[in-house]
Amino acid sequence: MAVNNDEAQVLDQWSNRLAQALQILDMKVDHELMLELARKSADNVIHAAAPVTTFLVGYAAGLDAGTGSAGTREASAAAVEKAANVAFQLCEQGPDGGPASRGWADTAQ
(Lines give C-alpha, C1' and ligand atoms only; values in the text may rest on other atoms or scores of the structure.)
Protein backbone atom coordinates (compact mmCIF):
# COMPACT_ATOMS: atom_id res chain seq x y z
CA MET A 1 0.00 0.00 0.00
CA ALA A 2 1.66 3.16 -1.15
CA VAL A 3 1.10 6.55 0.40
CA ASN A 4 1.81 9.87 -1.23
CA ASN A 5 4.71 12.07 -0.09
CA ASP A 6 2.54 14.23 2.18
CA GLU A 7 1.02 11.19 3.86
CA ALA A 8 4.45 9.57 4.22
CA GLN A 9 5.76 12.69 5.95
CA VAL A 10 2.79 12.82 8.34
CA LEU A 11 3.13 9.10 9.05
CA ASP A 12 6.85 9.46 9.74
CA GLN A 13 6.28 12.41 12.09
CA TRP A 14 3.46 10.58 13.86
CA SER A 15 5.56 7.42 14.29
CA ASN A 16 8.43 9.43 15.74
CA ARG A 17 6.15 11.31 18.16
CA LEU A 18 4.40 8.14 19.25
CA ALA A 19 7.67 6.22 19.69
CA GLN A 20 9.05 9.04 21.85
CA ALA A 21 5.86 9.23 23.91
CA LEU A 22 6.02 5.47 24.44
CA GLN A 23 9.70 5.84 25.35
CA ILE A 24 10.81 3.63 22.48
CA LEU A 25 13.90 5.63 21.68
CA ASP A 26 15.84 5.27 18.43
CA MET A 27 12.96 3.41 16.77
CA LYS A 28 12.84 3.07 12.99
CA VAL A 29 9.50 1.85 11.64
CA ASP A 30 9.29 0.18 8.23
CA HIS A 31 6.09 1.94 7.20
CA GLU A 32 5.88 0.28 3.80
CA LEU A 33 6.11 -3.20 5.34
CA MET A 34 3.47 -2.45 7.96
CA LEU A 35 1.12 -0.85 5.43
CA GLU A 36 1.51 -3.79 3.04
CA LEU A 37 0.90 -6.23 5.89
CA ALA A 38 -2.21 -4.31 6.94
CA ARG A 39 -3.50 -4.21 3.35
CA LYS A 40 -2.87 -7.91 2.78
CA SER A 41 -4.58 -8.97 6.00
CA ALA A 42 -7.55 -6.68 5.37
CA ASP A 43 -7.94 -8.00 1.81
CA ASN A 44 -7.46 -11.69 2.59
CA VAL A 45 -9.06 -12.01 6.01
CA ILE A 46 -11.36 -9.13 7.05
CA HIS A 47 -10.81 -5.39 7.30
CA ALA A 48 -10.52 -5.51 11.10
CA ALA A 49 -7.60 -7.95 10.78
CA ALA A 50 -5.29 -5.11 9.66
CA PRO A 51 -4.62 -3.44 13.03
CA VAL A 52 -4.71 -6.73 14.91
CA THR A 53 -2.18 -8.29 12.53
CA THR A 54 0.26 -5.39 12.71
CA PHE A 55 -0.04 -5.28 16.49
CA LEU A 56 0.62 -9.00 16.87
CA VAL A 57 3.57 -8.86 14.47
CA GLY A 58 5.09 -6.00 16.48
CA TYR A 59 4.47 -7.77 19.76
CA ALA A 60 5.98 -11.03 18.53
CA ALA A 61 8.96 -9.18 17.08
CA GLY A 62 9.51 -7.41 20.38
CA LEU A 63 9.51 -10.68 22.26
CA ASP A 64 11.88 -12.25 19.74
CA ALA A 65 14.34 -9.35 19.65
CA GLY A 66 14.46 -8.74 23.39
CA THR A 67 13.57 -5.58 25.25
CA GLY A 68 15.45 -2.48 26.29
CA SER A 69 19.19 -2.63 25.77
CA ALA A 70 19.09 -6.39 25.13
CA GLY A 71 17.87 -5.90 21.57
CA THR A 72 19.77 -4.13 18.83
CA ARG A 73 18.27 -2.24 15.92
CA GLU A 74 19.37 -5.05 13.61
CA ALA A 75 17.83 -7.71 15.84
CA SER A 76 14.59 -5.74 16.00
CA ALA A 77 14.44 -5.34 12.21
CA ALA A 78 15.11 -9.05 11.70
CA ALA A 79 12.45 -9.99 14.25
CA VAL A 80 9.86 -7.74 12.56
CA GLU A 81 10.67 -9.25 9.17
CA LYS A 82 10.44 -12.78 10.57
CA ALA A 83 7.08 -12.14 12.22
CA ALA A 84 5.75 -10.28 9.17
CA ASN A 85 6.68 -13.18 6.90
CA VAL A 86 4.63 -15.53 9.05
CA ALA A 87 1.67 -13.13 8.92
CA PHE A 88 1.99 -12.76 5.14
CA GLN A 89 1.93 -16.57 4.79
CA LEU A 90 -1.22 -16.81 6.89
CA CYS A 91 -2.86 -13.97 4.96
CA GLU A 92 -2.38 -15.94 1.75
CA GLN A 93 -4.41 -18.77 3.28
CA GLY A 94 -7.36 -16.52 4.14
CA PRO A 95 -9.35 -16.31 7.37
CA ASP A 96 -9.53 -20.05 8.03
CA GLY A 97 -6.06 -21.10 6.90
CA GLY A 98 -2.89 -21.71 8.75
CA PRO A 99 -1.59 -23.92 11.49
CA ALA A 100 -3.37 -22.55 14.56
CA SER A 101 -1.64 -25.00 16.85
CA ARG A 102 1.92 -24.20 15.73
CA GLY A 103 3.95 -21.34 17.14
CA TRP A 104 5.01 -18.46 14.91
CA ALA A 105 8.70 -19.27 15.32
CA ASP A 106 8.05 -22.78 13.98
CA THR A 107 6.35 -21.50 10.82
CA ALA A 108 8.92 -18.77 10.12
CA GLN A 109 11.73 -21.18 9.32
# chains A, B, ... in the order shown; residues from 1 in each chain; ligands from 1

$ select_by_dssp --residues "chain A" --states "alpha helix (DSSP H)" --output "MDAnalysis selection string"
chainID A and resid 5:21 31:44 49:65 73:92 104:107

$ residues_around --residues "segment 4-9 of chain A" --least-positions-apart "3" --cutoff "12 Å" --atoms "only C-alpha atoms" --output "MDAnalysis selection string"
chainID A and resid 1 12:16 29:32 35

$ atom_distance --atom1 "atom CA of Val80 of chain A" --atom2 "atom CA of Asp96 of chain A"
23.4 Å

$ closest_residue --among "A:Leu56, A:Val10, A:Ala38, A:Ala61" --to "Lys82 of chain A" --atoms "only C-alpha atoms"
A:Ala61

$ atom_distance --atom1 "atom CA of Gln93 of chain A" --atom2 "atom CA of Glu81 of chain A"
18.8 Å

$ residues_around --residues "Ala42 of chain A" --least-positions-apart "5" --cutoff "12 Å" --atoms "only C-alpha atoms" --output "MDAnalysis selection string"
chainID A and resid 1 35:37 47:54 87:88 91:92 94:95

$ write_last_selection --atoms "all heavy atoms" --output "short mmCIF file (atom, residue, chain, number, x, y, z; two decimals), in the first residue's frame"
data_model
loop_
_atom_site.label_atom_id
_atom_site.label_comp_id
_atom_site.auth_asym_id
_atom_site.auth_seq_id
_atom_site.Cartn_x
_atom_site.Cartn_y
_atom_site.Cartn_z
N MET A 1 0.85 -1.16 0.00
CA MET A 1 0.00 0.00 0.00
C MET A 1 0.90 1.22 0.00
O MET A 1 1.64 1.45 0.94
CB MET A 1 -0.90 -0.01 1.24
CG MET A 1 -1.66 1.27 1.45
SD MET A 1 -2.61 1.31 3.00
CE MET A 1 -3.90 0.18 2.62
N LEU A 35 2.29 -1.18 6.25
CA LEU A 35 1.12 -0.85 5.43
C LEU A 35 0.76 -2.00 4.50
O LEU A 35 -0.42 -2.31 4.30
CB LEU A 35 1.36 0.43 4.63
CG LEU A 35 1.43 1.70 5.47
CD1 LEU A 35 1.89 2.88 4.61
CD2 LEU A 35 0.09 2.01 6.12
N GLU A 36 1.76 -2.65 3.92
CA GLU A 36 1.51 -3.79 3.04
C GLU A 36 0.92 -4.96 3.84
O GLU A 36 -0.01 -5.63 3.39
CB GLU A 36 2.79 -4.23 2.34
CG GLU A 36 2.63 -5.41 1.43
CD GLU A 36 1.65 -5.22 0.26
OE1 GLU A 36 1.34 -4.07 -0.07
OE2 GLU A 36 1.20 -6.22 -0.28
N LEU A 37 1.43 -5.18 5.02
CA LEU A 37 0.90 -6.23 5.89
C LEU A 37 -0.55 -5.94 6.27
O LEU A 37 -1.41 -6.83 6.23
CB LEU A 37 1.76 -6.37 7.14
CG LEU A 37 1.39 -7.45 8.12
CD1 LEU A 37 1.36 -8.82 7.45
CD2 LEU A 37 2.37 -7.45 9.28
N HIS A 47 -11.39 -6.72 7.11
CA HIS A 47 -10.81 -5.39 7.30
C HIS A 47 -10.24 -5.20 8.71
O HIS A 47 -9.16 -4.66 8.89
CB HIS A 47 -11.87 -4.32 7.00
CG HIS A 47 -11.34 -2.93 7.07
ND1 HIS A 47 -10.52 -2.39 6.09
CD2 HIS A 47 -11.46 -1.97 8.01
CE1 HIS A 47 -10.18 -1.16 6.43
NE2 HIS A 47 -10.74 -0.88 7.58
N ALA A 48 -10.96 -5.67 9.70
CA ALA A 48 -10.52 -5.51 11.10
C ALA A 48 -9.25 -6.29 11.42
O ALA A 48 -8.63 -6.04 12.45
CB ALA A 48 -11.64 -5.93 12.05
N ALA A 49 -8.84 -7.19 10.54
CA ALA A 49 -7.60 -7.95 10.78
C ALA A 49 -6.36 -7.08 10.63
O ALA A 49 -5.31 -7.41 11.16
CB ALA A 49 -7.51 -9.13 9.82
N ALA A 50 -6.46 -5.95 9.92
CA ALA A 50 -5.29 -5.11 9.66
C ALA A 50 -4.62 -4.61 10.94
O ALA A 50 -3.41 -4.86 11.14
CB ALA A 50 -5.67 -3.94 8.76
N PRO A 51 -5.31 -3.91 11.83
CA PRO A 51 -4.62 -3.44 13.03
C PRO A 51 -4.22 -4.57 13.97
O PRO A 51 -3.16 -4.51 14.61
CB PRO A 51 -5.62 -2.48 13.69
CG PRO A 51 -6.95 -2.87 13.16
CD PRO A 51 -6.69 -3.40 11.76
N VAL A 52 -5.04 -5.61 14.03
CA VAL A 52 -4.71 -6.73 14.91
C VAL A 52 -3.45 -7.43 14.41
O VAL A 52 -2.56 -7.77 15.20
CB VAL A 52 -5.90 -7.72 14.99
CG1 VAL A 52 -5.53 -8.97 15.76
CG2 VAL A 52 -7.11 -7.04 15.63
N THR A 53 -3.35 -7.62 13.11
CA THR A 53 -2.18 -8.29 12.53
C THR A 53 -0.91 -7.50 12.77
O THR A 53 0.10 -8.06 13.22
CB THR A 53 -2.39 -8.51 11.02
OG1 THR A 53 -3.57 -9.29 10.82
CG2 THR A 53 -1.19 -9.19 10.40
N THR A 54 -0.95 -6.20 12.52
CA THR A 54 0.26 -5.39 12.71
C THR A 54 0.65 -5.32 14.18
O THR A 54 1.83 -5.35 14.52
CB THR A 54 0.11 -3.98 12.11
OG1 THR A 54 -1.05 -3.34 12.65
CG2 THR A 54 0.00 -4.05 10.60
N ALA A 87 3.00 -13.72 9.12
CA ALA A 87 1.67 -13.13 8.92
C ALA A 87 1.30 -13.10 7.44
O ALA A 87 0.15 -13.37 7.08
CB ALA A 87 1.64 -11.72 9.52
N PHE A 88 2.26 -12.75 6.58
CA PHE A 88 1.99 -12.76 5.14
C PHE A 88 1.58 -14.16 4.67
O PHE A 88 0.65 -14.31 3.87
CB PHE A 88 3.21 -12.28 4.34
CG PHE A 88 3.33 -10.79 4.25
CD1 PHE A 88 4.49 -10.17 4.67
CD2 PHE A 88 2.32 -10.00 3.74
CE1 PHE A 88 4.64 -8.79 4.58
CE2 PHE A 88 2.44 -8.62 3.64
CZ PHE A 88 3.61 -8.02 4.06
N CYS A 91 -1.94 -14.79 5.75
CA CYS A 91 -2.86 -13.97 4.96
C CYS A 91 -3.18 -14.64 3.63
O CYS A 91 -4.32 -14.60 3.16
CB CYS A 91 -2.27 -12.58 4.69
SG CYS A 91 -2.30 -11.49 6.11
N GLU A 92 -2.18 -15.25 3.02
CA GLU A 92 -2.38 -15.94 1.75
C GLU A 92 -3.39 -17.08 1.88
O GLU A 92 -4.06 -17.43 0.92
CB GLU A 92 -1.05 -16.49 1.22
CG GLU A 92 -0.09 -15.42 0.76
CD GLU A 92 -0.62 -14.58 -0.39
OE1 GLU A 92 -1.30 -15.13 -1.29
OE2 GLU A 92 -0.35 -13.37 -0.39
N GLY A 94 -6.04 -17.03 3.82
CA GLY A 94 -7.36 -16.52 4.14
C GLY A 94 -7.71 -16.65 5.61
O GLY A 94 -6.88 -17.04 6.43
N PRO A 95 -8.96 -16.37 5.96
CA PRO A 95 -9.35 -16.31 7.37
C PRO A 95 -9.34 -17.65 8.09
O PRO A 95 -9.21 -17.68 9.31
CB PRO A 95 -10.77 -15.74 7.32
CG PRO A 95 -11.26 -16.03 5.96
CD PRO A 95 -10.04 -16.02 5.06
#

$ atom_distance --atom1 "atom CA of Leu11 of chain A" --atom2 "atom CA of Leu90 of chain A"
26.4 Å

$ closest_residue --among "A:Val45, A:Leu25, A:Val3, A:Val57" --to "Asn85 of chain A" --atoms "only C-alpha atoms"
A:Val57

$ decode --residues "segment 78-99 of chain A" --atoms "N, CA and C atoms" --output "PDB file, in the first residue's frame"
ATOM      1  N   ALA A  78      15.197  -7.643  12.105  1.00  0.00           N
ATOM      2  CA  ALA A  78      15.114  -9.049  11.703  1.00  0.00           C
ATOM      3  C   ALA A  78      13.895  -9.722  12.325  1.00  0.00           C
ATOM      4  N   ALA A  79      13.596  -9.395  13.571  1.00  0.00           N
ATOM      5  CA  ALA A  79      12.448  -9.986  14.254  1.00  0.00           C
ATOM      6  C   ALA A  79      11.137  -9.522  13.631  1.00  0.00           C
ATOM      7  N   VAL A  80      11.058  -8.251  13.243  1.00  0.00           N
ATOM      8  CA  VAL A  80       9.857  -7.744  12.564  1.00  0.00           C
ATOM      9  C   VAL A  80       9.678  -8.460  11.233  1.00  0.00           C
ATOM     10  N   GLU A  81      10.750  -8.582  10.471  1.00  0.00           N
ATOM     11  CA  GLU A  81      10.670  -9.247   9.169  1.00  0.00           C
ATOM     12  C   GLU A  81      10.238 -10.705   9.326  1.00  0.00           C
ATOM     13  N   LYS A  82      10.782 -11.381  10.308  1.00  0.00           N
ATOM     14  CA  LYS A  82      10.441 -12.784  10.573  1.00  0.00           C
ATOM     15  C   LYS A  82       8.951 -12.919  10.912  1.00  0.00           C
ATOM     16  N   ALA A  83       8.484 -12.080  11.820  1.00  0.00           N
ATOM     17  CA  ALA A  83       7.077 -12.138  12.222  1.00  0.00           C
ATOM     18  C   ALA A  83       6.156 -11.726  11.078  1.00  0.00           C
ATOM     19  N   ALA A  84       6.552 -10.727  10.305  1.00  0.00           N
ATOM     20  CA  ALA A  84       5.746 -10.276   9.170  1.00  0.00           C
ATOM     21  C   ALA A  84       5.638 -11.370   8.117  1.00  0.00           C
ATOM     22  N   ASN A  85       6.717 -12.093   7.880  1.00  0.00           N
ATOM     23  CA  ASN A  85       6.677 -13.180   6.897  1.00  0.00           C
ATOM     24  C   ASN A  85       5.672 -14.249   7.296  1.00  0.00           C
ATOM     25  N   VAL A  86       5.617 -14.559   8.578  1.00  0.00           N
ATOM     26  CA  VAL A  86       4.627 -15.530   9.055  1.00  0.00           C
ATOM     27  C   VAL A  86       3.222 -14.991   8.801  1.00  0.00           C
ATOM     28  N   ALA A  87       3.001 -13.724   9.118  1.00  0.00           N
ATOM     29  CA  ALA A  87       1.670 -13.128   8.923  1.00  0.00           C
ATOM     30  C   ALA A  87       1.297 -13.096   7.441  1.00  0.00           C
ATOM     31  N   PHE A  88       2.259 -12.752   6.576  1.00  0.00           N
ATOM     32  CA  PHE A  88       1.986 -12.761   5.141  1.00  0.00           C
ATOM     33  C   PHE A  88       1.584 -14.160   4.673  1.00  0.00           C
ATOM     34  N   GLN A  89       2.262 -15.189   5.164  1.00  0.00           N
ATOM     35  CA  GLN A  89       1.931 -16.567   4.788  1.00  0.00           C
ATOM     36  C   GLN A  89       0.505 -16.913   5.213  1.00  0.00           C
ATOM     37  N   LEU A  90       0.143 -16.527   6.418  1.00  0.00           N
ATOM     38  CA  LEU A  90      -1.216 -16.809   6.892  1.00  0.00           C
ATOM     39  C   LEU A  90      -2.248 -16.017   6.112  1.00  0.00           C
ATOM     40  N   CYS A  91      -1.936 -14.793   5.746  1.00  0.00           N
ATOM     41  CA  CYS A  91      -2.858 -13.968   4.957  1.00  0.00           C
ATOM     42  C   CYS A  91      -3.178 -14.639   3.632  1.00  0.00           C
ATOM     43  N   GLU A  92      -2.175 -15.252   3.022  1.00  0.00           N
ATOM     44  CA  GLU A  92      -2.382 -15.940   1.751  1.00  0.00           C
ATOM     45  C   GLU A  92      -3.392 -17.078   1.880  1.00  0.00           C
ATOM     46  N   GLN A  93      -3.509 -17.641   3.057  1.00  0.00           N
ATOM     47  CA  GLN A  93      -4.408 -18.767   3.282  1.00  0.00           C
ATOM     48  C   GLN A  93      -5.811 -18.334   3.663  1.00  0.00           C
ATOM     49  N   GLY A  94      -6.042 -17.026   3.822  1.00  0.00           N
ATOM     50  CA  GLY A  94      -7.364 -16.521   4.142  1.00  0.00           C
ATOM     51  C   GLY A  94      -7.713 -16.651   5.610  1.00  0.00           C
ATOM     52  N   PRO A  95      -8.957 -16.365   5.958  1.00  0.00           N
ATOM     53  CA  PRO A  95      -9.354 -16.314   7.373  1.00  0.00           C
ATOM     54  C   PRO A  95      -9.338 -17.646   8.092  1.00  0.00           C
ATOM     55  N   ASP A  96      -9.452 -18.744   7.368  1.00  0.00           N
ATOM     56  CA  ASP A  96      -9.529 -20.049   8.026  1.00  0.00           C
ATOM     57  C   ASP A  96      -8.263 -20.872   7.851  1.00  0.00           C
ATOM     58  N   GLY A  97      -7.260 -20.330   7.181  1.00  0.00           N
ATOM     59  CA  GLY A  97      -6.063 -21.102   6.896  1.00  0.00           C
ATOM     60  C   GLY A  97      -5.031 -20.995   7.992  1.00  0.00           C
ATOM     61  N   GLY A  98      -4.025 -21.813   7.852  1.00  0.00           N
ATOM     62  CA  GLY A  98      -2.893 -21.705   8.752  1.00  0.00           C
ATOM     63  C   GLY A  98      -2.911 -22.690   9.890  1.00  0.00           C
ATOM     64  N   PRO A  99      -1.733 -22.972  10.386  1.00  0.00           N
ATOM     65  CA  PRO A  99      -1.591 -23.918  11.493  1.00  0.00           C
ATOM     66  C   PRO A  99      -1.814 -23.243  12.839  1.00  0.00           C
TER      67      PRO A  99
END
